[in-house]
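Shown here: final.cif, mmCIF, C-alpha atoms.
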```cif
data_run
loop_
_atom_site.label_atom_id
_atom_site.label_comp_id
_atom_site.auth_asym_id
_atom_site.auth_seq_id
_atom_site.Cartn_x
_atom_site.Cartn_y
_atom_site.Cartn_z
CA MET A 1 -13.57 106.58 -86.42
CA THR A 2 -14.46 107.88 -89.87
CA LYS A 3 -12.46 107.99 -93.05
CA ILE A 4 -10.58 111.21 -93.72
CA ASN A 5 -10.95 111.07 -97.53
CA ASN A 6 -13.33 108.63 -99.17
CA LEU A 7 -11.39 108.80 -102.43
CA VAL A 8 -8.38 107.18 -100.74
CA SER A 9 -9.08 103.48 -101.24
CA PRO A 10 -7.42 100.31 -102.58
CA PHE A 11 -6.22 100.56 -106.18
CA VAL A 12 -5.63 96.82 -106.63
CA LYS A 13 -7.96 93.92 -105.97
CA TRP A 14 -6.35 91.51 -103.51
CA ALA A 15 -7.39 88.10 -102.28
CA GLY A 16 -8.45 88.31 -98.66
CA GLY A 17 -9.07 92.05 -98.85
CA LYS A 18 -10.54 93.48 -95.66
CA ARG A 19 -13.31 95.70 -97.00
CA GLN A 20 -15.72 92.83 -96.30
CA ILE A 21 -15.05 92.96 -92.55
CA MET A 22 -13.96 96.58 -92.16
CA SER A 23 -16.74 97.43 -89.72
CA SER A 24 -15.68 94.56 -87.44
CA ILE A 25 -12.04 95.68 -87.58
CA VAL A 26 -12.95 99.28 -86.77
CA GLU A 27 -14.97 98.16 -83.75
CA LEU A 28 -11.91 96.38 -82.35
CA LEU A 29 -9.36 99.16 -82.83
CA PRO A 30 -7.66 100.60 -79.74
CA GLU A 31 -9.41 103.66 -78.33
CA ASN A 32 -6.26 105.76 -78.74
CA ILE A 33 -5.55 104.59 -82.31
CA LYS A 34 -5.09 108.18 -83.55
CA GLU A 35 -2.21 108.66 -81.13
CA LEU A 36 -0.31 105.54 -82.23
CA ASN A 37 2.18 104.93 -85.00
CA TYR A 38 0.87 102.39 -87.51
CA ILE A 39 2.74 99.38 -88.90
CA GLU A 40 1.28 96.92 -91.41
CA PRO A 41 3.88 94.37 -92.59
CA PHE A 42 1.56 92.38 -94.92
CA ILE A 43 0.00 95.32 -96.74
CA GLY A 44 -1.54 93.54 -99.76
CA GLY A 45 -4.28 95.75 -101.18
CA GLY A 46 -4.06 98.02 -98.12
CA ALA A 47 -7.79 98.21 -97.34
CA VAL A 48 -7.32 98.81 -93.60
CA PHE A 49 -4.38 101.17 -94.02
CA LEU A 50 -6.15 103.27 -96.65
CA TYR A 51 -9.34 103.33 -94.58
CA LEU A 52 -7.58 104.57 -91.45
CA GLN A 53 -5.18 106.89 -93.30
CA PRO A 54 -2.73 107.20 -90.39
CA PRO A 55 -0.36 110.20 -90.43
CA ASN A 56 2.63 108.07 -89.39
CA ALA A 57 3.00 104.58 -90.80
CA ILE A 58 5.29 101.88 -92.09
CA ILE A 59 3.83 99.60 -94.75
CA ASN A 60 5.58 96.51 -96.06
CA ASP A 61 5.09 93.39 -98.12
CA PHE A 62 7.46 90.63 -99.19
CA ASN A 63 6.05 91.01 -102.72
CA GLN A 64 8.52 93.46 -104.27
CA GLU A 65 6.41 94.02 -107.38
CA LEU A 66 3.46 95.06 -105.24
CA MET A 67 5.52 97.46 -103.17
CA ASN A 68 6.96 98.96 -106.35
CA VAL A 69 3.36 99.83 -107.27
CA TYR A 70 2.92 101.73 -103.99
CA ILE A 71 6.16 103.63 -104.57
CA VAL A 72 5.21 104.54 -108.13
CA VAL A 73 1.71 105.62 -107.07
CA LYS A 74 3.36 107.91 -104.53
CA GLU A 75 6.17 109.30 -106.68
CA HIS A 76 4.96 109.11 -110.30
CA PRO A 77 1.13 109.08 -110.41
CA ASP A 78 0.79 111.03 -113.65
CA GLU A 79 3.31 108.89 -115.52
CA LEU A 80 1.64 105.73 -114.19
CA ILE A 81 -1.80 106.89 -115.32
CA CYS A 82 -0.41 107.71 -118.76
CA ASP A 83 1.11 104.23 -119.10
CA LEU A 84 -2.06 102.52 -117.86
CA LYS A 85 -4.01 104.15 -120.68
CA LYS A 86 -1.91 102.21 -123.21
CA HIS A 87 -3.25 98.81 -122.13
CA LYS A 88 -5.93 96.86 -124.00
CA ASN A 89 -8.49 94.49 -122.51
CA GLU A 90 -7.78 91.76 -125.06
CA SER A 91 -6.74 88.15 -124.51
CA ASP A 92 -3.68 88.11 -126.80
CA TYR A 93 -2.46 91.41 -125.38
CA PHE A 94 -3.04 90.18 -121.81
CA TYR A 95 -0.87 87.10 -122.31
CA LYS A 96 1.81 89.20 -124.00
CA ILE A 97 2.00 91.49 -120.97
CA ARG A 98 1.71 88.59 -118.54
CA GLY A 99 4.63 86.84 -120.23
CA LEU A 100 7.03 89.75 -119.78
CA ASP A 101 8.34 88.32 -116.50
CA ARG A 102 9.46 85.24 -118.45
CA SER A 103 11.60 87.36 -120.75
CA GLN A 104 15.25 88.26 -120.29
CA ASP A 105 14.27 91.84 -121.08
CA TYR A 106 11.99 92.13 -118.06
CA HIS A 107 14.69 93.89 -116.07
CA LYS A 108 14.74 96.61 -118.74
CA LEU A 109 11.24 97.76 -117.82
CA THR A 110 11.10 100.96 -115.81
CA SER A 111 9.53 100.96 -112.35
CA ILE A 112 6.56 102.79 -113.85
CA GLN A 113 6.10 100.15 -116.57
CA ARG A 114 6.31 97.35 -114.00
CA ALA A 115 3.72 99.02 -111.78
CA SER A 116 1.44 99.61 -114.76
CA ARG A 117 1.77 95.94 -115.73
CA ILE A 118 0.79 94.73 -112.26
CA ILE A 119 -2.28 96.97 -112.09
CA PHE A 120 -3.35 95.96 -115.61
CA LEU A 121 -2.98 92.24 -114.89
CA ASN A 122 -4.74 92.64 -111.54
CA LYS A 123 -7.75 94.35 -113.14
CA THR A 124 -8.04 91.99 -116.10
CA CYS A 125 -7.00 88.55 -114.81
CA PHE A 126 -9.52 85.90 -113.78
CA ASN A 127 -11.27 86.69 -110.50
CA GLY A 128 -8.72 89.35 -109.55
CA LEU A 129 -6.36 86.65 -108.33
CA TYR A 130 -2.71 87.65 -107.93
CA ARG A 131 -0.92 84.34 -108.33
CA VAL A 132 2.64 83.34 -109.19
CA ASN A 133 4.21 79.96 -109.90
CA ARG A 134 7.27 78.49 -108.18
CA ALA A 135 9.51 80.60 -110.40
CA GLY A 136 7.74 83.77 -109.26
CA GLU A 137 6.02 84.28 -112.63
CA PHE A 138 2.49 85.67 -112.81
CA ASN A 139 0.23 82.85 -114.01
CA ALA A 140 -3.44 83.81 -113.46
CA PRO A 141 -5.45 83.51 -116.73
CA PHE A 142 -7.30 86.23 -118.64
CA GLY A 143 -10.59 87.22 -117.00
CA ARG A 144 -12.66 88.25 -120.05
CA TYR A 145 -14.32 91.19 -118.29
CA LYS A 146 -16.25 93.59 -120.53
CA ASN A 147 -15.15 96.88 -119.02
CA PRO A 148 -12.55 96.56 -116.23
CA ASN A 149 -11.51 99.78 -114.50
CA ILE A 150 -7.86 99.68 -115.55
CA VAL A 151 -7.24 103.42 -115.21
CA ASN A 152 -8.74 104.47 -111.87
CA GLU A 153 -7.31 107.96 -112.13
CA THR A 154 -9.26 109.54 -109.27
CA THR A 155 -8.23 106.89 -106.74
CA LEU A 156 -4.60 106.80 -107.84
CA LYS A 157 -4.25 110.58 -107.49
CA ALA A 158 -6.00 110.61 -104.11
CA VAL A 159 -3.78 107.85 -102.73
CA SER A 160 -0.68 109.57 -104.09
CA LYS A 161 -1.66 112.81 -102.41
CA TYR A 162 -2.23 111.03 -99.08
CA LEU A 163 1.09 109.16 -99.25
CA ASN A 164 2.97 112.39 -99.94
CA ALA A 165 1.14 114.51 -97.34
CA ASN A 166 1.95 112.14 -94.49
CA ASN A 167 4.93 110.33 -92.98
CA ILE A 168 4.56 106.98 -94.76
CA LEU A 169 7.56 104.66 -95.12
CA ILE A 170 7.20 102.04 -97.88
CA LYS A 171 9.35 98.92 -97.52
CA SER A 172 9.68 95.42 -98.95
CA GLY A 173 11.22 92.61 -96.97
CA ASP A 174 10.74 90.18 -94.14
CA TYR A 175 7.92 91.27 -91.85
CA ALA A 176 9.95 90.66 -88.70
CA ASP A 177 12.51 93.27 -89.75
CA VAL A 178 9.82 95.93 -90.04
CA LEU A 179 8.33 95.02 -86.67
CA GLU A 180 11.63 95.58 -84.84
CA GLU A 181 10.65 99.26 -84.68
CA ALA A 182 7.40 98.58 -82.81
CA ASN A 183 7.02 99.79 -79.22
CA GLU A 184 4.32 100.81 -76.74
CA GLN A 185 3.36 103.72 -79.02
CA THR A 186 2.64 101.43 -81.97
CA PHE A 187 -0.44 99.79 -83.42
CA VAL A 188 0.36 96.76 -85.57
CA TYR A 189 -2.14 95.20 -87.96
CA LEU A 190 -1.11 91.72 -89.11
CA ASP A 191 -2.84 90.26 -92.17
CA PRO A 192 -0.64 87.32 -93.19
CA PRO A 193 -1.47 84.66 -95.78
CA TYR A 194 -4.33 82.74 -94.20
CA HIS A 195 -3.80 79.22 -92.97
CA PRO A 196 -5.93 76.89 -95.12
CA ILE A 197 -8.97 75.17 -93.68
CA ALA A 198 -8.49 72.30 -96.11
CA GLU A 199 -5.51 70.07 -95.40
CA ASN A 200 -4.31 69.85 -99.00
CA PRO A 201 -4.96 73.18 -100.71
CA ASN A 202 -3.82 73.59 -104.31
CA PHE A 203 -3.32 77.32 -104.01
CA THR A 204 0.26 78.13 -102.99
CA GLY A 205 -0.14 81.80 -102.14
CA TYR A 206 0.62 85.27 -103.40
CA ILE A 207 4.38 85.20 -103.03
CA GLN A 208 6.83 82.68 -104.35
CA GLY A 209 6.99 79.77 -101.93
CA GLY A 210 3.66 80.29 -100.15
CA TRP A 211 3.20 79.94 -96.38
CA SER A 212 3.45 76.84 -94.21
CA LEU A 213 2.46 75.92 -90.66
CA ALA A 214 6.00 76.75 -89.61
CA ASP A 215 5.48 80.28 -90.95
CA GLN A 216 2.28 80.61 -88.91
CA GLU A 217 4.10 79.40 -85.80
CA ARG A 218 6.91 81.88 -86.36
CA LEU A 219 4.38 84.70 -86.68
CA SER A 220 2.73 83.70 -83.40
CA GLU A 221 6.14 84.00 -81.74
CA VAL A 222 6.57 87.48 -83.24
CA PHE A 223 3.10 88.34 -81.94
CA ASP A 224 4.29 87.34 -78.45
CA GLU A 225 7.35 89.55 -78.84
CA LEU A 226 5.18 92.51 -79.88
CA ASN A 227 2.95 91.89 -76.89
CA ALA A 228 5.98 91.93 -74.60
CA LYS A 229 7.03 95.28 -76.09
CA GLY A 230 3.66 96.78 -75.21
CA ALA A 231 2.52 97.27 -78.81
CA ARG A 232 -1.18 96.94 -79.58
CA VAL A 233 -1.59 94.13 -82.10
CA LEU A 234 -4.57 93.04 -84.18
CA LEU A 235 -4.24 89.96 -86.40
CA SER A 236 -6.64 88.46 -88.94
CA ASN A 237 -6.50 84.84 -90.08
CA SER A 238 -8.66 81.87 -90.97
CA SER A 239 -10.68 79.98 -88.37
CA ALA A 240 -8.44 76.92 -88.67
CA PRO A 241 -8.15 75.10 -85.30
CA VAL A 242 -4.37 75.47 -85.31
CA ILE A 243 -4.71 79.26 -85.49
CA ARG A 244 -7.10 79.28 -82.55
CA ASP A 245 -4.61 77.17 -80.61
CA LEU A 246 -1.60 79.35 -81.44
CA TYR A 247 -3.35 82.46 -80.11
CA LYS A 248 -5.48 80.95 -77.34
CA LYS A 249 -4.08 83.27 -74.69
CA TYR A 250 -5.29 86.34 -76.59
CA ILE A 251 -8.76 87.74 -77.33
CA ILE A 252 -10.28 85.99 -80.35
CA THR A 253 -13.33 87.32 -82.18
CA THR A 254 -15.02 85.32 -84.93
CA VAL A 255 -16.48 87.26 -87.86
CA ARG A 256 -18.21 86.26 -91.09
CA ALA A 257 -16.72 87.28 -94.43
CA ASN A 258 -18.03 86.78 -97.94
CA ARG A 259 -15.03 85.71 -100.00
CA ALA A 260 -15.40 85.97 -103.78
CA ILE A 261 -11.69 85.45 -104.59
CA ASN A 262 -10.36 81.95 -104.14
CA SER A 263 -8.68 79.47 -106.44
CA VAL A 264 -11.04 76.76 -105.17
CA GLY A 265 -14.68 77.45 -106.01
CA THR A 266 -16.03 75.61 -102.97
CA ASN A 267 -14.06 77.96 -100.70
CA ARG A 268 -15.88 81.02 -102.04
CA GLY A 269 -18.86 82.43 -100.19
CA GLU A 270 -19.43 83.25 -96.51
CA VAL A 271 -16.76 81.87 -94.19
CA ASP A 272 -15.59 82.33 -90.59
CA GLU A 273 -12.48 84.43 -90.01
CA LEU A 274 -10.67 85.35 -86.82
CA LEU A 275 -9.68 88.74 -85.46
CA ILE A 276 -7.12 88.29 -82.68
CA ARG A 277 -5.90 91.08 -80.39
CA ASN A 278 -3.78 91.60 -77.30
CA TYR A 279 -5.71 94.52 -75.80
CA GLU A 280 -9.19 95.19 -74.40
#
```
Rewrite the coordinates I just gave you, this time as structure tokens.
Amino acid sequence: MTKINNLVSPFVKWAGGKRQIMSSIVELLPENIKELNYIEPFIGGGAVFLYLQPPNAIINDFNQELMNVYIVVKEHPDELICDLKKHKNESDYFYKIRGLDRSQDYHKLTSIQRASRIIFLNKTCFNGLYRVNRAGEFNAPFGRYKNPNIVNETTLKAVSKYLNANNILIKSGDYADVLEEANEQTFVYLDPPYHPIAENPNFTGYIQGGWSLADQERLSEVFDELNAKGARVLLSNSSAPVIRDLYKKYIITTVRANRAINSVGTNRGEVDELLIRNYE
């Protein structure tokens, strides 16, 4: 399978992005992938989705601010690009924009301004790390990059054109709700928050509240339900022993990924990750 349009690519940098292991993912796709409807309930930066560019898809994420960006890219690309050009790669300005979600006036921002803020923070914060505190407030520090690509006009317009030319439903909510629509004509790619290898990680995740072992166990049950429906399912996760155990009845492939984004420096570098599927 080859990409349809090379200009259609992720417009935000996301921890755990799949460009590092894209070739491994492509090798494991179902043979009839072009005939299947596509669902990705943990879209994040959308590397796999934007690589495959399916004509019929549902994309979702619990992060409402992120999904607002996708909607704005689809519906208001020119206005978004115009607003992005207003931003400055300066420390004081960064913290002013970052602090907007702590203000009572945050709800007064338009959807375009909110999307522009997220892209700006994503391109200028330290190590491209989207991180929120327990109150749901963005708290990654300024990155001090010399020339970040804040206004990626070519990519934004290409993605917008793709989203409008195809049957793409953009949602934000619990992943299980989105997956209720899956059936034997569906391919589901699951890329949840990875289970930590370390027992006491400091990083709490990319959505308010983070993910626990109970969340991983619930997802494995949903995986079983999808399997019973006849959907083809591919899941990526860490190589933690508990993940191997949860999916031991399925096909598990171990791949190596070079991870540059992590809150813990010792967890950066080449690591094992798992690709788990329910089909040959």
Requested in this report: Run through the PyMOL selection byres ((chain A and resi 212-222) around 8) on the given coordinates and return the selected residues as a list of chain:residue names.
Outcome: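 Going through the file, the PyMOL selection byres ((chain A and resi 212-222) around 8) ends up selecting A:Ala176, A:His195, A:Gly210, A:Trp211, A:Phe223, A:Asp224, A:Glu225, A:Leu226, A:Ile243, A:Leu246, A:Tyr247.
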Requested in this report: Spell out the residues picked by the PyMOL selection byres ((chain A and resi 124) around 12) here, as a PyMOL selection string.
Outcome: chain A and resi 12-13+87-91+93-95+97-98+117-123+125-130+140-151
Requested in this report: Given the file shown, enumerate the residues that the PyMOL selection byres ((chain A and resi 232-238) around 7) captures and present them as a list in words.
Outcome: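 Here the PyMOL selection byres ((chain A and resi 232-238) around 7) matches Thr186, Phe187, Val188, Tyr189, Leu190, Asp191, Tyr194, His195, Gly230, Ala231, Ser239, Ala240, Asp272, Glu273, Leu274, Leu275, Ile276, Arg277, Asn278 and Tyr279 of chain A.
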Query raised in the report: Please, what distance in Å, to one decimal, runs between CA of Phe11 (chain A) and CA of Asn32 (chain A)?
Result: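 These two atoms are separated by 27.9 Å.
What separates CA of Ile58 (chain A) from CA of Tyr38 (chain A) is a distance of 6.4 Å.
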Requested in this report: Write out as a list in words which residues come within 9 Å of region 166-175 of chain A when counting all atoms listed in the file, dropping same-chain ones fewer than 4 positions away.
Outcome: Glu40, Pro41, Phe42, Gln53, Pro54, Pro55, Asn56, Ala57, Ile58, Ile59, Asn60, Asp61, Phe62, Asn63, Gln64, Leu66, Met67, Asn68, Tyr70, Ile71, Lys161, Tyr162 and Leu179 of chain A
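Proximity ranking of A:Arg134, A:Arg256, A:Ile39, A:Pro30 relative to Val178 (chain A) places A:Ile39 first, based on all atoms listed in the file.
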Requested in this report: Choose the residue, out of A:Ile81, A:Ala228, A:Val159, A:Leu109, that has the smallest atom-to-atom separation from Pro10 (chain A); count only C-alpha atoms.
Outcome: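 Of A:Ile81, A:Ala228, A:Val159, A:Leu109, the one nearest Pro10 (chain A), counting only C-alpha atoms, is A:Val159.
Shortest atom-to-atom contact with Gly17 (chain A) among A:Lys96, A:Asn5, A:Glu280, A:Phe49: A:Phe49, counting all atoms listed in the file.
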Report task. Grab the CA of Arg19 (chain A) to CA of Gly44 (chain A) distance for me, in Å with one decimal place. Result ->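 Between CA of Arg19 (chain A) and CA of Gly44 (chain A) the gap works out to 12.3 Å.
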Kindly provide, as JSON, the centre and edge lengths (Å, one decimal) of an axis-aligned box around all atoms of region 226-238 of chain A given in the file, with 6 Å on each side.
```
{"center_x": -0.8, "center_y": 89.6, "center_z": -82.8, "size_x": 27.7, "size_y": 27.4, "size_z": 28.4}
```
Query raised in the report: Which one is closest to Thr254 (chain A): A:Leu36, A:Ile25, A:Ile4, A:Ile197? Count all atoms listed in the file.
Result: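 Using all atoms listed in the file, Thr254 (chain A) sits closest to A:Ile25.
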Query raised in the report: So which residues touch Val72 (chain A) within 8 Å, counting all atoms listed in the file, skipping near sequence neighbours fewer than 3 positions away, as a PyMOL selection string?
Result: chain A and resi 68-69+75-77+80+111-112+115
